[in-house]
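Everything below concerns the one structure shown next.
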Amino acid sequence: MSPSDTSGDAILVAVGWPYANNHLHAGHLAGAYLPADIFARYQRMRGARVLMVSGSDSHGTPVTVRAEQEGTTPEAVFHRYHQSFLDTFKGFGISFDLFTSTDTPNHIEVTQDLFRRMLAQGDLYEADQELLYDATAGRFLPDRYVEGICPKCAFDGARGDQCDNCGSTLDALELINPRSKLSDATPERRKSRHFFLRLTAFTERLTQWIEQPEHADWRPHVRNFTLGMLREGLIDRSITRDITWGVPIPLEGYESKRIYVWFEAVIGYLSATKEWNATNGTPEAWRDWWTDPKARTVYFIGKDNVPFHTVIWPAMLMADGGLNLPTDVPANQYLTMSGSKASKSRGGVVWLPDYLERYEPDPLRYSLAAAMPETNDADFTWAEYVRRNNDELVARWGNLVNRVLTITRRNFDDCVPEAPATLAPESLALLDRVDVAFDSVGADYDRVQMRRALSGAMEVAQGANQYLDARAPWQAVKADRDHAAETLYVALNAISGLVTLLNPVLPFTTQRAWEYLGHTGEVGAAGWQRMPVVSGTVLPEPGPLYRKLDDSVVAEEEARLGL
RNA sequence: GGCAGGAUAGCUCAGCGGUAGAGCAGCGGACUCAUAAGCCGUUGGUCGCGGGUUCAAAUCCCGCUCCUGCUACCA
């Protein structure tokens with residue numbers, strides 16, 4: 001269903017904003033974009049009015065630094081990766097209604113509007129801040145851009161925010177012999193006037209909100225982490241920086257400063273909703289997602305983003321007044337790559353544009369969904385990818401489709417056979433099992449338990465294989481043609497249900513299977529139910545849904561990773 | 001340091017109070033429609049260590065060991 005069709009319940013699928021300083025990798029897909037897409041596809045199928053939005057986070061120090069290194073502008077860096085993101089999402093079928101950026105007039109306007117109102121209400125205030133300044137690079141340094149000797153353990157190499165040796169959380173001003181990571185210069189202390197978010201004023205309201213009974217089933221790592229932050233005490237944070245690449249402060253005399261990304265990027269969820277509705281001729285309809293208390297707003301992010309989505313953004317929404325707070329923030333844990341953490345800055349990563357040059361999107365979607373880091377960090381290995389592709393997609397599911405279509409077309413004149421008026425008990429049992437799966441698998445998708453949903457659907461596929469084996473239509477077709485006809489008719493109908501059940505995870509290949517069954521249109525448009533396969537329908541010639549991968553792929557890809 | 005999660009069959013993991021499970025790998029079998037796929041059977045574990053609660057603990061409580069992550073002025 002289109003977000004413009006107002007008949008369904010409104011669900012905002014809000015997805016974390018990727019930082020436009022590099023391409024996306026498999027960790028991004030597993031952590032946020034894939035679960036969001038599966039969820040959105042499922043909700044659309046069951047008739048919800050889904051609006052799925054995100055955009056490039058175009059601002060921030062690393063973008064500026066990268067631009068300087070390359071001798072180009074921050075805009076150029078941002079545009080390059082923004083385009084890369086769009087290509088990647090298209091290639092993997094991540095079905096955004098809108099993927100915009102923080103570099104739009106609309107976003108700047110929405111941000112500045114909220115800034116002004118929060119300032120007027122006293123939720124923001126001005127104060128001096130002492131910071132480290134790199135005179136060589138001509139820039140104030142974020143804590144992470146400063147290194148020095150740890151004041152607690154004397155480790156030389158501690159970063160300004162944290163010492164990797166003893167684990168202490170630091171203030172960059174405490175470092176002994178600080179040096180800039182940008183220029184190696186010794187930074188100097190300078191005062192600068194900034195705006196602060198009065199987070200401390202929201203502690204009580206945030207705590208009450210998190211402790212509401214309907215939030216009891218939030219993922220433990222999200223809920224407990226948030227409660228821990230609230231218990232330990234929030235700290236007012238400065239939300240402006242001495243930089244020139246970012247959203248301008250809407251006041252006179254602040255031309256050398258910008259609103260900082262962590263304050264501004266989360267506003268993107270709201271500004272993107274407004275942008276989509278303005279573009280589609282319904283400028284007031286953004287309220288259906290943001291002010292209707294029945295709307296759900298679900299945020300798909302990696303766990304490193306939790307504080308911004310369960311504390312800072314909710315506080316900003318409370319400050320605004322009438323906007324919906326997050327319904328759920330099903331943050332994922334990390335995807336590790338052959339045992340080590342996937343990272344944009346380090347190597348050992350499966351880059352998504354690179355992947356798409358060699359492989360189809362669905363097998364990676366499948367592998368990542370089957371081992372999604374929902375409760376723990378999950379490890380991605382190429383060996384497991386190849387195994388899942390070959391054993392599960394090719395052998396169990398793809399082969400099921402292929403074998404049934406092949407026998408049917410060969411023996412029944414390329415048509416769906418006639419079924420008897422009364423089906424055998426095992427035939428009814430299989431179809432019933434498929435139909436029941438729509439409830440259980442659907443509930444799992446709805447709860448963002450993608451691993452469970454997928455394994456539930458795949459168990460039904462296995463059941464279909466067992467059914468076929470028990471009734472052996474390849475033999476029956478010689479002795480008892482009606483028996484074989486029933487088997488194939490039932491199997492085709494079971495496959496039809498499976499196509500729909502699997503479509504949120506495997507949108508490309510299930511669409512092809514859908515057409516092999518003689519259906520027309522899109523799987524996603526047919527609703528969350530088993531589409532009957534009708535006797536007499538002509539079945540087109542099928543092709544393999546998946547390609548079997550040779551074991552040598554494992555060694556090749558591991559070599560690329562530098563393992 | 002604080003917080004969270006984990007430690008279960010060779011491997012990847014599920015189970016989270018009631019006689020140890022799945023997939024893969026291994027072994028055996030019947031079949032042959034299918035991308036030599038599918039199906040059936042089977043080998044294999046004192047569920048990290050030590051205490052405790054209970055008629056009963058992988059499952060709850062306490063302590064310990066090891067692993068991973070997060071710890072909001074990169075996002």
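By convention in this document, the chains of the structure tokens carry letters A, B, ... by their order, each chain's residues are numbered from 1, and ligands are numbered from 1 in the order they are shown.
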In range 91-132 of chain A, what's helix (DSSP H, G or I) per DSSP? Answer as a PDB file with all heavy atoms, in the first residue's frame?
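Saved result, states.pdb, follows:
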ATOM      1  N   GLY A  91      20.048  -1.518  -5.229  1.00  0.00           N
ATOM      2  CA  GLY A  91      20.592  -2.840  -5.526  1.00  0.00           C
ATOM      3  C   GLY A  91      20.121  -3.907  -4.563  1.00  0.00           C
ATOM      4  O   GLY A  91      19.938  -5.062  -4.946  1.00  0.00           O
ATOM      5  N   PHE A  92      19.934  -3.544  -3.316  1.00  0.00           N
ATOM      6  CA  PHE A  92      19.496  -4.526  -2.323  1.00  0.00           C
ATOM      7  C   PHE A  92      17.996  -4.465  -2.068  1.00  0.00           C
ATOM      8  O   PHE A  92      17.490  -5.165  -1.191  1.00  0.00           O
ATOM      9  CB  PHE A  92      20.258  -4.328  -1.006  1.00  0.00           C
ATOM     10  CG  PHE A  92      21.625  -4.940  -1.026  1.00  0.00           C
ATOM     11  CD1 PHE A  92      22.744  -4.183  -1.277  1.00  0.00           C
ATOM     12  CD2 PHE A  92      21.784  -6.315  -0.839  1.00  0.00           C
ATOM     13  CE1 PHE A  92      24.009  -4.747  -1.322  1.00  0.00           C
ATOM     14  CE2 PHE A  92      23.036  -6.898  -0.885  1.00  0.00           C
ATOM     15  CZ  PHE A  92      24.159  -6.112  -1.132  1.00  0.00           C
ATOM     16  N   PRO A 105      17.040  22.388   2.073  1.00  0.00           N
ATOM     17  CA  PRO A 105      16.419  23.580   2.668  1.00  0.00           C
ATOM     18  C   PRO A 105      15.340  23.207   3.678  1.00  0.00           C
ATOM     19  O   PRO A 105      15.205  23.839   4.731  1.00  0.00           O
ATOM     20  CB  PRO A 105      15.818  24.306   1.458  1.00  0.00           C
ATOM     21  CG  PRO A 105      16.605  23.822   0.280  1.00  0.00           C
ATOM     22  CD  PRO A 105      16.999  22.409   0.599  1.00  0.00           C
ATOM     23  N   ASN A 106      14.583  22.159   3.365  1.00  0.00           N
ATOM     24  CA  ASN A 106      13.523  21.719   4.266  1.00  0.00           C
ATOM     25  C   ASN A 106      14.083  21.293   5.620  1.00  0.00           C
ATOM     26  O   ASN A 106      13.585  21.684   6.674  1.00  0.00           O
ATOM     27  CB  ASN A 106      12.758  20.558   3.620  1.00  0.00           C
ATOM     28  CG  ASN A 106      11.821  19.860   4.579  1.00  0.00           C
ATOM     29  OD1 ASN A 106      10.823  20.422   4.996  1.00  0.00           O
ATOM     30  ND2 ASN A 106      12.158  18.634   4.957  1.00  0.00           N
ATOM     31  N   HIS A 107      15.136  20.480   5.581  1.00  0.00           N
ATOM     32  CA  HIS A 107      15.708  19.997   6.838  1.00  0.00           C
ATOM     33  C   HIS A 107      16.276  21.153   7.655  1.00  0.00           C
ATOM     34  O   HIS A 107      16.121  21.212   8.875  1.00  0.00           O
ATOM     35  CB  HIS A 107      16.801  18.967   6.563  1.00  0.00           C
ATOM     36  CG  HIS A 107      17.477  18.479   7.806  1.00  0.00           C
ATOM     37  ND1 HIS A 107      16.827  17.682   8.724  1.00  0.00           N
ATOM     38  CD2 HIS A 107      18.711  18.708   8.307  1.00  0.00           C
ATOM     39  CE1 HIS A 107      17.652  17.426   9.731  1.00  0.00           C
ATOM     40  NE2 HIS A 107      18.805  18.040   9.502  1.00  0.00           N
ATOM     41  N   ILE A 108      16.943  22.070   6.962  1.00  0.00           N
ATOM     42  CA  ILE A 108      17.515  23.229   7.655  1.00  0.00           C
ATOM     43  C   ILE A 108      16.403  24.049   8.302  1.00  0.00           C
ATOM     44  O   ILE A 108      16.501  24.467   9.463  1.00  0.00           O
ATOM     45  CB  ILE A 108      18.346  24.070   6.660  1.00  0.00           C
ATOM     46  CG1 ILE A 108      19.595  23.270   6.263  1.00  0.00           C
ATOM     47  CG2 ILE A 108      18.709  25.426   7.261  1.00  0.00           C
ATOM     48  CD1 ILE A 108      20.358  23.837   5.077  1.00  0.00           C
ATOM     49  N   GLU A 109      15.309  24.205   7.589  1.00  0.00           N
ATOM     50  CA  GLU A 109      14.191  24.986   8.122  1.00  0.00           C
ATOM     51  C   GLU A 109      13.559  24.307   9.341  1.00  0.00           C
ATOM     52  O   GLU A 109      13.300  24.938  10.366  1.00  0.00           O
ATOM     53  CB  GLU A 109      13.138  25.156   7.006  1.00  0.00           C
ATOM     54  CG  GLU A 109      11.976  26.042   7.392  1.00  0.00           C
ATOM     55  CD  GLU A 109      10.898  26.041   6.310  1.00  0.00           C
ATOM     56  OE1 GLU A 109      11.257  26.022   5.105  1.00  0.00           O
ATOM     57  OE2 GLU A 109       9.710  26.018   6.672  1.00  0.00           O
ATOM     58  N   VAL A 110      13.327  23.004   9.233  1.00  0.00           N
ATOM     59  CA  VAL A 110      12.719  22.273  10.350  1.00  0.00           C
ATOM     60  C   VAL A 110      13.643  22.308  11.567  1.00  0.00           C
ATOM     61  O   VAL A 110      13.204  22.492  12.705  1.00  0.00           O
ATOM     62  CB  VAL A 110      12.406  20.822   9.940  1.00  0.00           C
ATOM     63  CG1 VAL A 110      11.919  20.005  11.131  1.00  0.00           C
ATOM     64  CG2 VAL A 110      11.358  20.788   8.828  1.00  0.00           C
ATOM     65  N   THR A 111      14.930  22.144  11.310  1.00  0.00           N
ATOM     66  CA  THR A 111      15.902  22.161  12.404  1.00  0.00           C
ATOM     67  C   THR A 111      15.947  23.532  13.081  1.00  0.00           C
ATOM     68  O   THR A 111      15.902  23.641  14.309  1.00  0.00           O
ATOM     69  CB  THR A 111      17.303  21.811  11.856  1.00  0.00           C
ATOM     70  OG1 THR A 111      17.266  20.504  11.287  1.00  0.00           O
ATOM     71  CG2 THR A 111      18.341  21.849  12.971  1.00  0.00           C
ATOM     72  N   GLN A 112      16.037  24.559  12.266  1.00  0.00           N
ATOM     73  CA  GLN A 112      16.143  25.907  12.842  1.00  0.00           C
ATOM     74  C   GLN A 112      14.865  26.287  13.589  1.00  0.00           C
ATOM     75  O   GLN A 112      14.913  26.978  14.610  1.00  0.00           O
ATOM     76  CB  GLN A 112      16.451  26.918  11.732  1.00  0.00           C
ATOM     77  CG  GLN A 112      17.856  26.721  11.152  1.00  0.00           C
ATOM     78  CD  GLN A 112      18.210  27.746  10.105  1.00  0.00           C
ATOM     79  OE1 GLN A 112      17.321  28.328   9.478  1.00  0.00           O
ATOM     80  NE2 GLN A 112      19.496  27.964   9.894  1.00  0.00           N
ATOM     81  N   ASP A 113      13.750  25.824  13.082  1.00  0.00           N
ATOM     82  CA  ASP A 113      12.476  26.102  13.753  1.00  0.00           C
ATOM     83  C   ASP A 113      12.458  25.488  15.148  1.00  0.00           C
ATOM     84  O   ASP A 113      12.098  26.142  16.131  1.00  0.00           O
ATOM     85  CB  ASP A 113      11.329  25.544  12.899  1.00  0.00           C
ATOM     86  CG  ASP A 113      10.001  25.699  13.600  1.00  0.00           C
ATOM     87  OD1 ASP A 113       9.615  26.841  13.886  1.00  0.00           O
ATOM     88  OD2 ASP A 113       9.360  24.664  13.889  1.00  0.00           O
ATOM     89  N   LEU A 114      12.870  24.228  15.222  1.00  0.00           N
ATOM     90  CA  LEU A 114      12.883  23.578  16.531  1.00  0.00           C
ATOM     91  C   LEU A 114      13.917  24.248  17.448  1.00  0.00           C
ATOM     92  O   LEU A 114      13.675  24.441  18.638  1.00  0.00           O
ATOM     93  CB  LEU A 114      13.179  22.081  16.377  1.00  0.00           C
ATOM     94  CG  LEU A 114      13.131  21.265  17.671  1.00  0.00           C
ATOM     95  CD1 LEU A 114      11.754  21.370  18.335  1.00  0.00           C
ATOM     96  CD2 LEU A 114      13.456  19.802  17.408  1.00  0.00           C
ATOM     97  N   PHE A 115      15.050  24.603  16.872  1.00  0.00           N
ATOM     98  CA  PHE A 115      16.095  25.277  17.651  1.00  0.00           C
ATOM     99  C   PHE A 115      15.543  26.565  18.280  1.00  0.00           C
ATOM    100  O   PHE A 115      15.702  26.797  19.479  1.00  0.00           O
ATOM    101  CB  PHE A 115      17.281  25.604  16.726  1.00  0.00           C
ATOM    102  CG  PHE A 115      18.436  26.285  17.406  1.00  0.00           C
ATOM    103  CD1 PHE A 115      19.524  25.549  17.858  1.00  0.00           C
ATOM    104  CD2 PHE A 115      18.444  27.670  17.581  1.00  0.00           C
ATOM    105  CE1 PHE A 115      20.598  26.177  18.484  1.00  0.00           C
ATOM    106  CE2 PHE A 115      19.518  28.295  18.205  1.00  0.00           C
ATOM    107  CZ  PHE A 115      20.586  27.552  18.662  1.00  0.00           C
ATOM    108  N   ARG A 116      14.874  27.362  17.454  1.00  0.00           N
ATOM    109  CA  ARG A 116      14.336  28.629  17.957  1.00  0.00           C
ATOM    110  C   ARG A 116      13.327  28.412  19.075  1.00  0.00           C
ATOM    111  O   ARG A 116      13.355  29.083  20.098  1.00  0.00           O
ATOM    112  CB  ARG A 116      13.630  29.389  16.822  1.00  0.00           C
ATOM    113  CG  ARG A 116      14.561  30.140  15.905  1.00  0.00           C
ATOM    114  CD  ARG A 116      13.768  31.129  15.039  1.00  0.00           C
ATOM    115  NE  ARG A 116      14.431  31.309  13.762  1.00  0.00           N
ATOM    116  CZ  ARG A 116      14.168  30.606  12.667  1.00  0.00           C
ATOM    117  NH1 ARG A 116      13.228  29.683  12.673  1.00  0.00           N
ATOM    118  NH2 ARG A 116      14.833  30.834  11.559  1.00  0.00           N
ATOM    119  N   ARG A 117      12.464  27.457  18.862  1.00  0.00           N
ATOM    120  CA  ARG A 117      11.429  27.241  19.887  1.00  0.00           C
ATOM    121  C   ARG A 117      12.027  26.699  21.172  1.00  0.00           C
ATOM    122  O   ARG A 117      11.639  27.071  22.276  1.00  0.00           O
ATOM    123  CB  ARG A 117      10.348  26.301  19.352  1.00  0.00           C
ATOM    124  CG  ARG A 117       9.346  27.069  18.470  1.00  0.00           C
ATOM    125  CD  ARG A 117       8.183  26.220  18.056  1.00  0.00           C
ATOM    126  NE  ARG A 117       8.616  25.161  17.157  1.00  0.00           N
ATOM    127  CZ  ARG A 117       8.319  23.888  17.310  1.00  0.00           C
ATOM    128  NH1 ARG A 117       7.576  23.497  18.334  1.00  0.00           N
ATOM    129  NH2 ARG A 117       8.747  23.000  16.456  1.00  0.00           N
ATOM    130  N   MET A 118      12.995  25.808  21.057  1.00  0.00           N
ATOM    131  CA  MET A 118      13.616  25.268  22.271  1.00  0.00           C
ATOM    132  C   MET A 118      14.398  26.357  23.002  1.00  0.00           C
ATOM    133  O   MET A 118      14.432  26.383  24.234  1.00  0.00           O
ATOM    134  CB  MET A 118      14.503  24.080  21.918  1.00  0.00           C
ATOM    135  CG  MET A 118      13.684  22.851  21.524  1.00  0.00           C
ATOM    136  SD  MET A 118      14.689  21.402  21.099  1.00  0.00           S
ATOM    137  CE  MET A 118      15.348  20.947  22.698  1.00  0.00           C
ATOM    138  N   LEU A 119      15.006  27.233  22.235  1.00  0.00           N
ATOM    139  CA  LEU A 119      15.734  28.339  22.854  1.00  0.00           C
ATOM    140  C   LEU A 119      14.766  29.262  23.600  1.00  0.00           C
ATOM    141  O   LEU A 119      14.996  29.649  24.745  1.00  0.00           O
ATOM    142  CB  LEU A 119      16.507  29.127  21.785  1.00  0.00           C
ATOM    143  CG  LEU A 119      17.444  30.231  22.277  1.00  0.00           C
ATOM    144  CD1 LEU A 119      18.550  29.643  23.156  1.00  0.00           C
ATOM    145  CD2 LEU A 119      18.044  30.981  21.100  1.00  0.00           C
ATOM    146  N   ALA A 120      13.644  29.560  22.952  1.00  0.00           N
ATOM    147  CA  ALA A 120      12.652  30.448  23.561  1.00  0.00           C
ATOM    148  C   ALA A 120      12.071  29.823  24.827  1.00  0.00           C
ATOM    149  O   ALA A 120      11.756  30.520  25.786  1.00  0.00           O
ATOM    150  CB  ALA A 120      11.544  30.746  22.545  1.00  0.00           C
ATOM    151  N   GLN A 121      11.955  28.505  24.828  1.00  0.00           N
ATOM    152  CA  GLN A 121      11.371  27.825  25.990  1.00  0.00           C
ATOM    153  C   GLN A 121      12.395  27.575  27.093  1.00  0.00           C
ATOM    154  O   GLN A 121      12.045  27.050  28.155  1.00  0.00           O
ATOM    155  CB  GLN A 121      10.821  26.451  25.570  1.00  0.00           C
ATOM    156  CG  GLN A 121       9.631  26.519  24.641  1.00  0.00           C
ATOM    157  CD  GLN A 121       9.270  25.131  24.133  1.00  0.00           C
ATOM    158  OE1 GLN A 121       9.013  24.244  24.892  1.00  0.00           O
ATOM    159  NE2 GLN A 121       9.253  24.920  22.869  1.00  0.00           N
TER     160      GLN A 121
END
Sorted by chain and rising residue number, list the residues of chain B at most 8 Å from chain A (counting only C-alpha atoms (C1' of nucleotides)), each with its closest atom pair and distance in Å to one decimal, as JSON lines.
{"residue": "B:G1", "atom": "C1'", "partner": "A:Ser168", "partner_atom": "CA", "distance": 7.0}
{"residue": "B:C3", "atom": "C1'", "partner": "A:Phe225", "partner_atom": "CA", "distance": 6.6}
{"residue": "B:A4", "atom": "C1'", "partner": "A:His221", "partner_atom": "CA", "distance": 5.6}
{"residue": "B:G5", "atom": "C1'", "partner": "A:Asn376", "partner_atom": "CA", "distance": 6.0}
{"residue": "B:G6", "atom": "C1'", "partner": "A:Asn376", "partner_atom": "CA", "distance": 7.4}
{"residue": "B:C33", "atom": "C1'", "partner": "A:Trp474", "partner_atom": "CA", "distance": 5.1}
{"residue": "B:A34", "atom": "C1'", "partner": "A:Arg403", "partner_atom": "CA", "distance": 4.2}
{"residue": "B:U35", "atom": "C1'", "partner": "A:Lys548", "partner_atom": "CA", "distance": 6.6}
{"residue": "B:A37", "atom": "C1'", "partner": "A:Ala395", "partner_atom": "CA", "distance": 5.2}
{"residue": "B:G38", "atom": "C1'", "partner": "A:Asn465", "partner_atom": "CA", "distance": 6.4}
{"residue": "B:C39", "atom": "C1'", "partner": "A:Asp469", "partner_atom": "CA", "distance": 5.8}
{"residue": "B:U68", "atom": "C1'", "partner": "A:Asp377", "partner_atom": "CA", "distance": 7.4}
{"residue": "B:G69", "atom": "C1'", "partner": "A:Asp377", "partner_atom": "CA", "distance": 7.6}
{"residue": "B:C70", "atom": "C1'", "partner": "A:Asp304", "partner_atom": "CA", "distance": 6.8}
{"residue": "B:U71", "atom": "C1'", "partner": "A:Thr169", "partner_atom": "CA", "distance": 7.6}
{"residue": "B:A72", "atom": "C1'", "partner": "A:Pro307", "partner_atom": "CA", "distance": 5.6}
{"residue": "B:C73", "atom": "C1'", "partner": "A:Pro142", "partner_atom": "CA", "distance": 6.2}
{"residue": "B:C74", "atom": "C1'", "partner": "A:Pro62", "partner_atom": "CA", "distance": 6.7}
{"residue": "B:A75", "atom": "C1'", "partner": "A:Tyr19", "partner_atom": "CA", "distance": 6.7}
**Request:** Give me the residues within 10 Å of Arg471 in chain A as a PyMOL selection string, counting only C-alpha atoms (C1' of nucleotides) and dropping any in the same chain fewer than 6 places off.
**Result:** chain A and resi 426-427+483-484+486-488
Emit the selected residues as an mmCIF file, in the first residue's frame, including all heavy atoms.
data_model
loop_
_atom_site.group_PDB
_atom_site.id
_atom_site.type_symbol
_atom_site.label_atom_id
_atom_site.label_comp_id
_atom_site.auth_asym_id
_atom_site.auth_seq_id
_atom_site.Cartn_x
_atom_site.Cartn_y
_atom_site.Cartn_z
ATOM 1 N N GLU A 426 -3.228 -35.406 4.523
ATOM 2 C CA GLU A 426 -1.882 -34.808 4.535
ATOM 3 C C GLU A 426 -1.818 -33.570 3.646
ATOM 4 O O GLU A 426 -1.046 -32.649 3.892
ATOM 5 C CB GLU A 426 -0.810 -35.829 4.141
ATOM 6 C CG GLU A 426 -0.888 -36.342 2.716
ATOM 7 C CD GLU A 426 -1.745 -37.617 2.593
ATOM 8 O OE1 GLU A 426 -2.662 -37.806 3.425
ATOM 9 O OE2 GLU A 426 -1.486 -38.398 1.656
ATOM 10 N N SER A 427 -2.663 -33.542 2.616
ATOM 11 C CA SER A 427 -2.713 -32.350 1.764
ATOM 12 C C SER A 427 -3.315 -31.185 2.535
ATOM 13 O O SER A 427 -2.793 -30.061 2.516
ATOM 14 C CB SER A 427 -3.569 -32.623 0.525
ATOM 15 O OG SER A 427 -2.986 -33.648 -0.255
ATOM 16 N N HIS A 483 -3.839 -38.847 -8.183
ATOM 17 C CA HIS A 483 -3.072 -38.716 -6.953
ATOM 18 C C HIS A 483 -1.934 -37.719 -7.161
ATOM 19 O O HIS A 483 -1.700 -36.828 -6.333
ATOM 20 C CB HIS A 483 -2.529 -40.101 -6.548
ATOM 21 C CG HIS A 483 -1.853 -40.127 -5.216
ATOM 22 N ND1 HIS A 483 -0.519 -39.804 -5.045
ATOM 23 C CD2 HIS A 483 -2.327 -40.436 -3.975
ATOM 24 C CE1 HIS A 483 -0.203 -39.926 -3.766
ATOM 25 N NE2 HIS A 483 -1.283 -40.298 -3.090
ATOM 26 N N ALA A 484 -1.231 -37.867 -8.265
ATOM 27 C CA ALA A 484 -0.136 -36.939 -8.576
ATOM 28 C C ALA A 484 -0.671 -35.528 -8.790
ATOM 29 O O ALA A 484 -0.056 -34.551 -8.355
ATOM 30 C CB ALA A 484 0.611 -37.415 -9.816
ATOM 31 N N GLU A 486 -3.249 -34.116 -7.452
ATOM 32 C CA GLU A 486 -3.535 -33.509 -6.149
ATOM 33 C C GLU A 486 -2.250 -33.046 -5.469
ATOM 34 O O GLU A 486 -2.172 -31.923 -4.952
ATOM 35 C CB GLU A 486 -4.256 -34.519 -5.242
ATOM 36 C CG GLU A 486 -4.465 -33.962 -3.839
ATOM 37 C CD GLU A 486 -5.118 -34.947 -2.881
ATOM 38 O OE1 GLU A 486 -5.675 -35.961 -3.353
ATOM 39 O OE2 GLU A 486 -5.066 -34.682 -1.668
ATOM 40 N N THR A 487 -1.254 -33.918 -5.491
ATOM 41 C CA THR A 487 0.014 -33.585 -4.833
ATOM 42 C C THR A 487 0.602 -32.294 -5.396
ATOM 43 O O THR A 487 1.010 -31.401 -4.657
ATOM 44 C CB THR A 487 1.027 -34.723 -5.040
ATOM 45 O OG1 THR A 487 0.442 -35.946 -4.606
ATOM 46 C CG2 THR A 487 2.309 -34.436 -4.267
ATOM 47 N N LEU A 488 0.624 -32.220 -6.699
ATOM 48 C CA LEU A 488 1.266 -31.051 -7.331
ATOM 49 C C LEU A 488 0.423 -29.795 -7.152
ATOM 50 O O LEU A 488 0.961 -28.701 -6.933
ATOM 51 C CB LEU A 488 1.540 -31.354 -8.808
ATOM 52 C CG LEU A 488 2.566 -32.490 -8.981
ATOM 53 C CD1 LEU A 488 2.628 -32.962 -10.426
ATOM 54 C CD2 LEU A 488 3.945 -32.060 -8.493
#
**Request:** Report as a list in words: the residues of range 82-127 of chain A with a DSSP assignment of strand (DSSP E or B), based on the backbone of this structure.
**Result:** Leu98, Phe99, Thr100, Ser101, Leu124, Tyr125, Glu126 and Ala127 of chain A
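Taking CA of Leu561 in chain A and CA of Pro361 in chain A as the two end points, the separation is 19.0 Å.
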**Asked** Which residues come within 12 Å of Pro151 in chain A, counting only C-alpha atoms (C1' of nucleotides), excluding same-chain residues fewer than 2 positions away, as a ChimeraX atom specification?
**Response** /A:147-149,153-160,162-163,165-178
**Request:** Tell me, in Å to one decimal, how far C1' of C47 in chain B is from C1' of C61 in chain B.
**Result:**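 C1' of C61 in chain B lies at a distance of 18.3 Å from C1' of C47 in chain B.
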**Message:** Taking 5 positions as the minimum chain separation for residues in the same chain, which residues sit within 8 Å of Leu230 in chain A when counting only C-alpha atoms (C1' of nucleotides)? Answer as a VMD selection string.
**Reply:** chain A and resid 203 206 to 207
Env of range 13-26 of chain B: 7 Å cut, atoms = only C-alpha atoms (C1' of nucleotides), seq-sep filter 5 positions within chain, self excluded. Answer as a PDB file with C-alpha atoms (C1' of nucleotides), in the first residue's frame.
ATOM      1  C1'   A B  56      12.692 -31.034  39.920  1.00  0.00           C
ATOM      2  C1'   A B  57      17.785 -26.197  37.147  1.00  0.00           C
ATOM      3  C1'   U B  59      16.705 -22.766  32.708  1.00  0.00           C
TER       4        U B  59
END
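Among B:C67, B:C11, B:G2, B:A58, the residue with the shortest atom-to-atom distance to U46 in chain B, counting only C-alpha atoms (C1' of nucleotides), is B:A58.
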**Message:** Taking only C-alpha atoms into account, name the residue in A:Ile243, A:Leu492, A:Met372, A:Leu317 that is nearest to Tyr33 in chain A.
**Reply:** A:Met372
**Request:** May I have the residues within 12 Å of Thr279 in chain A as an MDAnalysis selection string, using only C-alpha atoms (C1' of nucleotides) and disregarding those fewer than 4 positions away in the same chain?
**Result:** chainID A and resid 4 97:98 100 106 272:275 283:286
